[in-house]
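*Asks:* My questions will all concern the structure given below.
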Amino acid sequence: MQQTVTTIQGERVLLRPFQEGDAEEAARVWTPELTHMYGGSPTAASRPTAESRRRGQQQIAASGEHHFAIEADDRYIGFVGLRVDDEEQSGSYRIGIANPDCWGRGYGTEVARLVLRYAFETLGLHRVRLKVAAYNVRARRCYEKSGFRMEGVLRESFQVEGEWQDDVLMAVLREEWEAQSSAASAGCADGLAIRTYWASDYDQVIALWSAVGLGPDDCDSTEALNYKLVNDRGPFLIAVAGDRVVGTAMASWDGRWAWVYRVAVAPDWRRRGIGARLMARIEERLAELGASRVRLVTGRDNEQAASFYAQLGYEVRDGLVTMRKVLVDEEGGDGSQYC
Amino acid sequence: MSDGHVRLRAITEADLPDYVKWLNDPEVTEFTTLESGSITLEHEREWFRAISAPDCSARNWAIEADGRHIGACDLVPDDLGQKAYVGIIIGDTTAWGKGYGTAALREVLRIGFQELNLHRIRLDCHAGNARGLRCYEKCGFRREGIARQARFKRGRWVDVVQMAILREEWEAQQCSRQ
C-alpha cells in the first residue's frame, strides 16, 4: 500500500513530509529522556547528530512505512509512523515527540486521532496496534485517550541498564474507532465519559473515595494503583464529567476469578445511572477477558448498595464471611473494611 | 509418550515432500498463517535454502517420534540474542494427541534456555486452538495478552493469544519436575 496522503491538517498540529531543517531540529531538541521513552538507556545515550537523524528520516521514507513529520507552531516537533501489514489489514503505530517543550500538551493525542482516522478511513485498515514501555505512563495515557485498549503485557521484554522491563501491547479496532468517533460527533448526551484510570487521576480519585467513605487506605498509594494498572488486566474505570472524576469502578482478574471493588459515585452525581454504566462496562471488559462470573463484597447493612447490585442481577451468597489478616502493620493503616 | 521417544534433528532435503503433503492438509494449517492448497515442492526448496543459509539466525528442526518424521519446529532469536520466538507444527495427524508436541517443545525450551542462554521465549496461538494452548501451558508458557481480531483466517477475524515463558520460570519448572 503506497502512501498517497502526505499532509494532514489538525487543529493544532500539521502532519507533513520531512523537509529541510527537520533533522537539525530533531538533533537540537533531543534529550536522554526521549531515548528512555523508546526503551533505551538514558545514561548511555548521546545526542544524535543532524546527519544521523537525516539518515534515519531517509530510511523511514524509503521503507514504505506511512510516515509524517509533526509540526506545531511552525516548528518540527517529532515524527509519527504507521507500518502496514496488508495481509492482516493492520497497522503498527509509533510516534516520537522529540521536543520536550511539547510534552504533556495533548499533541500526541491529537496526532494519534488524526493518524487513526487516516488508518481506518483512508487506508481501510481493520486494526492498529502498538507496543509501549510499561513505565512510559504518559504515552500509555495518551494512547488510551486516543482509543487504544490494553491487550496484554509482555513480561521482561527488554533491558534498560541491566533491569528487565515490561512492554504493554495496545490496539484499537476499526469498529471501536467508528463507535468512538460517532459518539464524539453526536456529543455525549450528559457530557459524561467513561474511560480507564490514568495515573494523573490519582488525586481526584482519592478525593472521591474519601468523600464516600472508601479509604484512603495504605493499599491506595500511587504505587499501588500504578501496579494494579500495569500488572492486572482487570479494568479500572472512571466516569468523568468535564475535568472532574465523578465515579470509579475497579476489577481484578487473575485468569480465574474476577472481583469488583471501589464502585463509587460522587454524592452530587448520584441517581443518574453512572454506577450502572460503570458496572456495565466493567462486566463487558471482564467478559472479554474470559471471566464467566464476577464477585464483590459490600457492607451487610448497606441497603443502598444491596438494592443497587440486586438490580444489576447480583445475588447474595449466604453462609460466607469475609476474612482479613494484617501482614504488615503500617502506621495509619487501620483501613476501610472493603479494602 | 516419554520424552525419550521424541527427538529433534536437522532438516534435510529428503524431508521436504512431507512438508508439502502436511501443509496442503487444511486440518494441519487450520491454526497457522499458512493456507493449504498452494504449497509446492519448489516453495519448500526455497524455504530450505533460506534456512540453510549461513546468515540465517533461526534454528529449525525436524521432529521425530519413535524414528518417524512427524513435524517441525523453529526458534528465532532476536538481534541481541536475548529473546526468541518459537513455532511448532505436527504435520502427521495420526501423531496428534500423544504428547509429542509437548515433548518436542520442552526440548526446544531446554536448548533455548540452557544452550542459547535466552531470557524469554514467546509464541502466538490462535485463540480457538485449544489443543495448542493446552500444550503450551503444559510446557510452562503463560498467557500475556490477546491480540484481538489480529488475523484473517478462512473468512473470519481471529484473536491471537500471546504467550511467553521466562528463564526463571523454566528453571523453577526444571527443579519441580525432578
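Every chain in the C-alpha cells has a letter given in the order shown (A, B, ...), and although residue numbers restart at 1 in each chain, ligands are simply numbered from 1 in the order shown.
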Give me, as a list in words, the residues of chain B touching chain A, with the criterion being at most 10 Å (counting only C-alpha atoms).
*Replies:* Gln82, Lys83, His119, Arg120, Ile121, Arg122, Arg142, Arg143, Glu144, Gly145, Ile146, Ala147, Arg148, Gln149, Ala150, Arg151, Phe152, Lys153, Trp157, Val161, Gln162, Met163, Ala164, Ile165 and Leu166 of chain B
*Asks:* I'd like to know which residues of region 1-174 of chain B are strand (DSSP E) (by DSSP, run on the backbone); could you write them as a VMD selection string?
*Replies:* chain B and resid 6 to 9 59 to 65 68 to 77 83 to 90 120 to 126 142 to 153 156 to 166
*Asks:* Which residues are near Leu114 (chain A)? Cut-off 8 Å, only C-alpha atoms, ignore same chain within fewer than 4 positions. Put them as a list of chain:residue names.
*Replies:*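 Selected residues are A:Ile8, A:Gly10, A:Glu110, A:Tyr118.
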*Asks:* Report as a ChimeraX atom specification all protein, DNA and RNA residues lying within 12 Å of Tyr100 (chain B), evaluated on only C-alpha atoms, omitting residues in the same chain fewer than 4 positions from it.
*Replies:* /B:1-8,63-66,68-73,88-96,104-107,132,135,139
*Asks:* Write to file, as a PDB file, in the first residue's frame, the residues of the selection just made, with C-alpha atoms.
*Replies:*
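The resulting part03.pdb:
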ATOM      1  CA  MET B   1       4.805 -40.948  25.488  1.00  0.00           C
ATOM      2  CA  SER B   2       8.069 -40.384  27.317  1.00  0.00           C
ATOM      3  CA  ASP B   3      10.313 -37.642  26.009  1.00  0.00           C
ATOM      4  CA  GLY B   4      12.766 -40.363  25.045  1.00  0.00           C
ATOM      5  CA  HIS B   5      10.656 -41.260  22.031  1.00  0.00           C
ATOM      6  CA  VAL B   6      10.778 -37.745  20.631  1.00  0.00           C
ATOM      7  CA  ARG B   7      13.881 -36.134  19.241  1.00  0.00           C
ATOM      8  CA  LEU B   8      14.827 -33.079  17.263  1.00  0.00           C
ATOM      9  CA  ILE B  63      10.609 -33.670  14.929  1.00  0.00           C
ATOM     10  CA  GLU B  64      10.852 -37.450  15.086  1.00  0.00           C
ATOM     11  CA  ALA B  65       8.732 -39.727  17.253  1.00  0.00           C
ATOM     12  CA  ASP B  66       9.915 -43.322  17.511  1.00  0.00           C
ATOM     13  CA  ARG B  68       9.242 -41.359  12.357  1.00  0.00           C
ATOM     14  CA  HIS B  69       9.222 -37.814  10.944  1.00  0.00           C
ATOM     15  CA  ILE B  70       6.062 -36.152  12.331  1.00  0.00           C
ATOM     16  CA  GLY B  71       6.624 -32.395  12.267  1.00  0.00           C
ATOM     17  CA  ALA B  72       8.937 -29.421  12.552  1.00  0.00           C
ATOM     18  CA  CYS B  73       9.738 -26.539  14.847  1.00  0.00           C
ATOM     19  CA  ILE B  88       5.852 -25.765  16.041  1.00  0.00           C
ATOM     20  CA  ILE B  89       3.732 -27.881  13.748  1.00  0.00           C
ATOM     21  CA  ILE B  90       2.869 -31.568  13.980  1.00  0.00           C
ATOM     22  CA  GLY B  91       2.036 -32.391  10.373  1.00  0.00           C
ATOM     23  CA  ASP B  92       1.312 -36.090  10.758  1.00  0.00           C
ATOM     24  CA  THR B  93      -2.255 -36.041  12.074  1.00  0.00           C
ATOM     25  CA  THR B  94      -2.018 -39.638  13.280  1.00  0.00           C
ATOM     26  CA  ALA B  95       0.622 -38.391  15.741  1.00  0.00           C
ATOM     27  CA  TRP B  96      -1.719 -35.845  17.343  1.00  0.00           C
ATOM     28  CA  ALA B 104       9.444 -31.541  21.320  1.00  0.00           C
ATOM     29  CA  LEU B 105       8.665 -28.088  22.679  1.00  0.00           C
ATOM     30  CA  ARG B 106      10.232 -28.939  26.034  1.00  0.00           C
ATOM     31  CA  GLU B 107      13.398 -29.853  24.179  1.00  0.00           C
ATOM     32  CA  GLY B 132      -2.185 -25.853  21.147  1.00  0.00           C
ATOM     33  CA  CYS B 135       0.245 -27.947  25.090  1.00  0.00           C
ATOM     34  CA  CYS B 139       5.241 -26.543  28.796  1.00  0.00           C
TER      35      CYS B 139
END
*Asks:* Quick one: distance from CA of Phe68 (chain A) to CA of Leu14 (chain A) in Å, one decimal?
*Replies:*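 Calculated distance between CA of Phe68 (chain A) and CA of Leu14 (chain A) is 9.0 Å.
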*Asks:* Which residue is closest to Gln3 (chain A)? Choose from A:Ser63, A:Ser41, A:Thr49, A:Gln57 and count only C-alpha atoms.
*Replies:*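 Closest residue, counting only C-alpha atoms: A:Ser63.
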*Asks:* Between B:Gly99, B:Glu35, B:Pro26, B:Arg9, single out the one closest to Trp61 (chain B), counting only C-alpha atoms.
*Replies:*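 Smallest separation from Trp61 (chain B) among the options: B:Arg9.
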*Asks:* Can you list every residue in region 68-105 of chain B that DSSP puts in alpha helix (DSSP H), as a PyMOL selection string?
*Replies:* chain B and resi 100-105
*Asks:* Take the residues that were just selected and, keeping N, CA and C atoms, output them as a PDB file, in the first residue's frame.
*Replies:*
ATOM      1  N   TYR B 100       3.539 -35.658  21.780  1.00  0.00           N
ATOM      2  CA  TYR B 100       4.804 -35.482  21.047  1.00  0.00           C
ATOM      3  C   TYR B 100       5.181 -33.996  20.924  1.00  0.00           C
ATOM      4  N   GLY B 101       4.162 -33.167  20.658  1.00  0.00           N
ATOM      5  CA  GLY B 101       4.423 -31.727  20.526  1.00  0.00           C
ATOM      6  C   GLY B 101       4.972 -31.159  21.820  1.00  0.00           C
ATOM      7  N   THR B 102       4.362 -31.575  22.939  1.00  0.00           N
ATOM      8  CA  THR B 102       4.818 -31.106  24.246  1.00  0.00           C
ATOM      9  C   THR B 102       6.266 -31.521  24.482  1.00  0.00           C
ATOM     10  N   ALA B 103       6.574 -32.762  24.167  1.00  0.00           N
ATOM     11  CA  ALA B 103       7.943 -33.255  24.375  1.00  0.00           C
ATOM     12  C   ALA B 103       8.923 -32.490  23.486  1.00  0.00           C
ATOM     13  N   ALA B 104       8.553 -32.255  22.235  1.00  0.00           N
ATOM     14  CA  ALA B 104       9.444 -31.541  21.320  1.00  0.00           C
ATOM     15  C   ALA B 104       9.666 -30.111  21.795  1.00  0.00           C
ATOM     16  N   LEU B 105       8.569 -29.476  22.234  1.00  0.00           N
ATOM     17  CA  LEU B 105       8.665 -28.088  22.679  1.00  0.00           C
ATOM     18  C   LEU B 105       9.524 -27.976  23.934  1.00  0.00           C
TER      19      LEU B 105
END
